[in-house]
Amino acid sequence: MKKHWNALAAFVLSAALIAGCGGGKSEQASGGESSGAKDEKIKLKMSVTTSETSTWYKGAQMWADKVKEKTNGRVEIKIYANEQLSNGNQPKGIELLQNGSTDASLHSTIIYSGLDEKFSVISMPWLFTDESVADKALAGTGGEKLSELLREKGVEPLAFGENGFRQITNSKRPITSPDDMAGMKIRVPNMKMYIDLYKALGADPTSMSFSEVFTALQQGTIDGQENPMPVIMSSKLYEVQKYVSLWNYSYDPLVLGVNKKKFDSLDKETQDIMREAAVEAMEYQRKINREENAQMVKELEAKGVTVTTLTPEQVKAFQDKVAPIYDQYTDTIGKDLIDAFRGAN
């Protein structure tokens, strides 16, 4: 009987040891660093404000394609054009990105300025002389500080694209000096700095939804508006605006951002792939955006629009007129942040 119980005890102990070893292997296989976890498919939703034909969408699609290719199909990014996920509401689009309802997005820093006026720093008047200076600023200290600010808002910036330099259109006359702006009703984005800027130029600025702009121009409710060239063309504003002045007064970058909690939850290899692909995609987006801008100027002239390119001397008169805006916003934005971007010139 004693031998029988000893044999039974040995059998139970052996079975327990085997079960214990089996359990250890099972736990290891389901852990975050396991090959099983790395093979798990990740599906992300991305919001883009503009249509499928825009350089924004083309850049976003390139990012999605490269990420899918470099992860062997493990990470798939579905892109929603025309701000579908927020029903056309861009500030809501950023809110959805922050709370994780959307995983990634392309939004202008103008929209981010609704969260914090510091984002308006890069939109300050005549901050950059040309695109190469803007690229240098965003690749340097200015871009680093902007990225820190985005992370504080729950967004991980992977790369910067561009909407481009903003130009002004109107139905009255060519704009070549601050005097030409006197009393002119101009629609501007809903950013306080822009309102103050146009008041300083002697204009009568008003903020309204862009969806209302064409009709307002057509009916004469407003005299003009400002936007990058692709928006002017895609919205067919040339049908209700006779004059376009190329003055490059404000640079408008795009943030390819990912919800920070989502990004932080990914393994480093996937993070590196997403970031590297984003840099490549936004370099491509900026390139084709600039090529299209040059072509659009020719198209406007062919449509009978009077296109005026301001000389450096004419730009200087505008810069002098709005210089107080920098003093006015130094406390709001911060001298260090403004200087970080100014230093790129």
# chains A, B, ... in the order shown; residues from 1 in each chain; ligands from 1
>>> residues_around(residues="Met193 (chain A)", least_positions_apart="5", cutoff="8 Å", atoms="only C-alpha atoms", output="VMD selection string")
chain A and resid 120 124 325 329
>>> select_by_dssp(residues="region 67-148 of chain A", states="strand (DSSP E)", output="list of chain:residue names")
A:Val75, A:Glu76, A:Ile77, A:Lys78, A:Ile79, A:Tyr80, A:Ala104, A:Ser105, A:Leu106, A:His107, A:Ser108
>>> write_last_selection(atoms="C-alpha atoms", output="JSON list (two decimals), in the first residue's frame")
[["chain", "number", "residue", "atom", "x", "y", "z"],
["A", 75, "VAL", "CA", 0.01, 47.76, -40.38],
["A", 76, "GLU", "CA", -2.83, 49.06, -42.55],
["A", 77, "ILE", "CA", -3.85, 52.72, -42.61],
["A", 78, "LYS", "CA", -7.26, 53.64, -44.04],
["A", 79, "ILE", "CA", -7.49, 57.26, -45.16],
["A", 80, "TYR", "CA", -10.71, 59.27, -44.95],
["A", 104, "ALA", "CA", -3.73, 59.75, -37.39],
["A", 105, "SER", "CA", -4.39, 62.95, -39.31],
["A", 106, "LEU", "CA", -3.04, 65.73, -41.52],
["A", 107, "HIS", "CA", -4.04, 69.11, -40.10],
["A", 108, "SER", "CA", -2.73, 72.64, -40.49]]
>>> closest_residue(among="A:Ile94, A:Ala159, A:Leu44, A:Leu217", to="Tyr284 (chain A)", atoms="only C-alpha atoms")
A:Ala159
>>> residues_around(residues="region 232-243 of chain A", least_positions_apart="2", cutoff="12 Å", atoms="only C-alpha atoms", output="ChimeraX atom specification")
/A:50-55,163-176,210-230,245-246,292-293,295-309
>>> closest_residue(among="A:Gln314, A:Tyr251, A:Gly202, A:Arg74", to="Val133 (chain A)", atoms="only C-alpha atoms")
A:Tyr251
>>> decode(residues="region 290-306 of chain A", atoms="all heavy atoms", output="mmCIF file, in the first residue's frame")
data_model
loop_
_atom_site.group_PDB
_atom_site.id
_atom_site.type_symbol
_atom_site.label_atom_id
_atom_site.label_comp_id
_atom_site.auth_asym_id
_atom_site.auth_seq_id
_atom_site.Cartn_x
_atom_site.Cartn_y
_atom_site.Cartn_z
ATOM 1 N N ARG A 290 4.642 72.222 -54.371
ATOM 2 C CA ARG A 290 5.354 73.365 -54.939
ATOM 3 C C ARG A 290 5.303 73.346 -56.463
ATOM 4 O O ARG A 290 5.190 74.394 -57.103
ATOM 5 C CB ARG A 290 6.785 73.387 -54.405
ATOM 6 C CG ARG A 290 6.817 73.728 -52.927
ATOM 7 C CD ARG A 290 8.126 73.429 -52.240
ATOM 8 N NE ARG A 290 7.949 73.545 -50.790
ATOM 9 C CZ ARG A 290 8.902 73.328 -49.886
ATOM 10 N NH1 ARG A 290 10.126 72.971 -50.274
ATOM 11 N NH2 ARG A 290 8.641 73.452 -48.599
ATOM 12 N N GLU A 291 5.374 72.165 -57.042
ATOM 13 C CA GLU A 291 5.274 72.045 -58.500
ATOM 14 C C GLU A 291 3.888 72.484 -58.974
ATOM 15 O O GLU A 291 3.759 73.203 -59.977
ATOM 16 C CB GLU A 291 5.549 70.600 -58.925
ATOM 17 C CG GLU A 291 6.995 70.186 -58.748
ATOM 18 C CD GLU A 291 7.218 68.694 -58.971
ATOM 19 O OE1 GLU A 291 6.219 67.947 -59.091
ATOM 20 O OE2 GLU A 291 8.384 68.277 -59.002
ATOM 21 N N GLU A 292 2.863 72.055 -58.253
ATOM 22 C CA GLU A 292 1.493 72.419 -58.630
ATOM 23 C C GLU A 292 1.249 73.915 -58.454
ATOM 24 O O GLU A 292 0.540 74.532 -59.249
ATOM 25 C CB GLU A 292 0.487 71.613 -57.798
ATOM 26 C CG GLU A 292 0.411 70.157 -58.202
ATOM 27 C CD GLU A 292 -0.728 69.416 -57.530
ATOM 28 O OE1 GLU A 292 -1.609 70.082 -56.921
ATOM 29 O OE2 GLU A 292 -0.755 68.177 -57.617
ATOM 30 N N ASN A 293 1.843 74.512 -57.422
ATOM 31 C CA ASN A 293 1.688 75.949 -57.195
ATOM 32 C C ASN A 293 2.156 76.752 -58.402
ATOM 33 O O ASN A 293 1.490 77.684 -58.851
ATOM 34 C CB ASN A 293 2.476 76.381 -55.953
ATOM 35 C CG ASN A 293 1.606 76.447 -54.713
ATOM 36 O OD1 ASN A 293 0.618 77.152 -54.683
ATOM 37 N ND2 ASN A 293 1.975 75.713 -53.694
ATOM 38 N N ALA A 294 3.329 76.395 -58.914
ATOM 39 C CA ALA A 294 3.895 77.115 -60.061
ATOM 40 C C ALA A 294 2.993 76.980 -61.282
ATOM 41 O O ALA A 294 2.778 77.953 -62.025
ATOM 42 C CB ALA A 294 5.289 76.574 -60.360
ATOM 43 N N GLN A 295 2.438 75.804 -61.482
ATOM 44 C CA GLN A 295 1.564 75.573 -62.622
ATOM 45 C C GLN A 295 0.242 76.331 -62.469
ATOM 46 O O GLN A 295 -0.319 76.849 -63.446
ATOM 47 C CB GLN A 295 1.287 74.073 -62.768
ATOM 48 C CG GLN A 295 0.440 73.696 -63.962
ATOM 49 C CD GLN A 295 1.032 74.130 -65.297
ATOM 50 O OE1 GLN A 295 2.254 74.104 -65.471
ATOM 51 N NE2 GLN A 295 0.180 74.545 -66.216
ATOM 52 N N MET A 296 -0.241 76.427 -61.244
ATOM 53 C CA MET A 296 -1.530 77.085 -60.990
ATOM 54 C C MET A 296 -1.482 78.578 -61.288
ATOM 55 O O MET A 296 -2.481 79.168 -61.720
ATOM 56 C CB MET A 296 -1.956 76.861 -59.539
ATOM 57 C CG MET A 296 -2.465 75.460 -59.282
ATOM 58 S SD MET A 296 -2.723 75.160 -57.510
ATOM 59 C CE MET A 296 -3.194 73.422 -57.551
ATOM 60 N N VAL A 297 -0.337 79.204 -61.081
ATOM 61 C CA VAL A 297 -0.204 80.624 -61.402
ATOM 62 C C VAL A 297 -0.433 80.830 -62.896
ATOM 63 O O VAL A 297 -1.146 81.760 -63.320
ATOM 64 C CB VAL A 297 1.192 81.145 -60.983
ATOM 65 C CG1 VAL A 297 1.406 82.568 -61.508
ATOM 66 C CG2 VAL A 297 1.331 81.128 -59.467
ATOM 67 N N LYS A 298 0.144 79.960 -63.707
ATOM 68 C CA LYS A 298 -0.041 80.047 -65.163
ATOM 69 C C LYS A 298 -1.508 79.824 -65.543
ATOM 70 O O LYS A 298 -2.041 80.488 -66.439
ATOM 71 C CB LYS A 298 0.843 79.014 -65.863
ATOM 72 C CG LYS A 298 2.337 79.258 -65.680
ATOM 73 C CD LYS A 298 3.157 78.168 -66.348
ATOM 74 C CE LYS A 298 4.651 78.389 -66.122
ATOM 75 N NZ LYS A 298 5.463 77.302 -66.729
ATOM 76 N N GLU A 299 -2.148 78.889 -64.862
ATOM 77 C CA GLU A 299 -3.552 78.596 -65.150
ATOM 78 C C GLU A 299 -4.443 79.793 -64.814
ATOM 79 O O GLU A 299 -5.394 80.104 -65.552
ATOM 80 C CB GLU A 299 -4.000 77.370 -64.359
ATOM 81 C CG GLU A 299 -3.377 76.065 -64.835
ATOM 82 C CD GLU A 299 -3.788 74.885 -63.984
ATOM 83 O OE1 GLU A 299 -4.798 74.990 -63.250
ATOM 84 O OE2 GLU A 299 -3.101 73.846 -64.035
ATOM 85 N N LEU A 300 -4.157 80.461 -63.695
ATOM 86 C CA LEU A 300 -4.939 81.643 -63.324
ATOM 87 C C LEU A 300 -4.819 82.736 -64.371
ATOM 88 O O LEU A 300 -5.805 83.366 -64.759
ATOM 89 C CB LEU A 300 -4.474 82.176 -61.963
ATOM 90 C CG LEU A 300 -4.999 81.487 -60.708
ATOM 91 C CD1 LEU A 300 -4.352 82.091 -59.478
ATOM 92 C CD2 LEU A 300 -6.512 81.612 -60.603
ATOM 93 N N GLU A 301 -3.601 82.976 -64.821
ATOM 94 C CA GLU A 301 -3.377 84.007 -65.837
ATOM 95 C C GLU A 301 -4.114 83.654 -67.124
ATOM 96 O O GLU A 301 -4.683 84.527 -67.800
ATOM 97 C CB GLU A 301 -1.877 84.157 -66.086
ATOM 98 C CG GLU A 301 -1.143 84.782 -64.907
ATOM 99 C CD GLU A 301 0.367 84.795 -65.084
ATOM 100 O OE1 GLU A 301 0.890 83.906 -65.779
ATOM 101 O OE2 GLU A 301 1.012 85.695 -64.508
ATOM 102 N N ALA A 302 -4.132 82.366 -67.468
ATOM 103 C CA ALA A 302 -4.833 81.917 -68.677
ATOM 104 C C ALA A 302 -6.340 82.125 -68.553
ATOM 105 O O ALA A 302 -7.036 82.274 -69.556
ATOM 106 C CB ALA A 302 -4.523 80.453 -68.944
ATOM 107 N N LYS A 303 -6.851 82.162 -67.335
ATOM 108 C CA LYS A 303 -8.283 82.362 -67.101
ATOM 109 C C LYS A 303 -8.644 83.841 -67.024
ATOM 110 O O LYS A 303 -9.784 84.207 -66.726
ATOM 111 C CB LYS A 303 -8.701 81.646 -65.810
ATOM 112 C CG LYS A 303 -8.652 80.121 -65.918
ATOM 113 C CD LYS A 303 -9.056 79.465 -64.618
ATOM 114 C CE LYS A 303 -8.919 77.951 -64.700
ATOM 115 N NZ LYS A 303 -9.821 77.349 -65.712
ATOM 116 N N GLY A 304 -7.670 84.711 -67.251
ATOM 117 C CA GLY A 304 -7.938 86.144 -67.276
ATOM 118 C C GLY A 304 -7.804 86.837 -65.936
ATOM 119 O O GLY A 304 -8.150 88.022 -65.803
ATOM 120 N N VAL A 305 -7.315 86.132 -64.918
ATOM 121 C CA VAL A 305 -7.115 86.740 -63.603
ATOM 122 C C VAL A 305 -5.830 87.567 -63.623
ATOM 123 O O VAL A 305 -4.817 87.156 -64.190
ATOM 124 C CB VAL A 305 -7.027 85.643 -62.513
ATOM 125 C CG1 VAL A 305 -6.712 86.260 -61.146
ATOM 126 C CG2 VAL A 305 -8.324 84.844 -62.450
ATOM 127 N N THR A 306 -5.876 88.733 -63.016
ATOM 128 C CA THR A 306 -4.675 89.569 -62.906
ATOM 129 C C THR A 306 -3.845 89.077 -61.729
ATOM 130 O O THR A 306 -4.264 89.170 -60.571
ATOM 131 C CB THR A 306 -5.055 91.044 -62.683
ATOM 132 O OG1 THR A 306 -5.837 91.502 -63.804
ATOM 133 C CG2 THR A 306 -3.815 91.909 -62.537
#
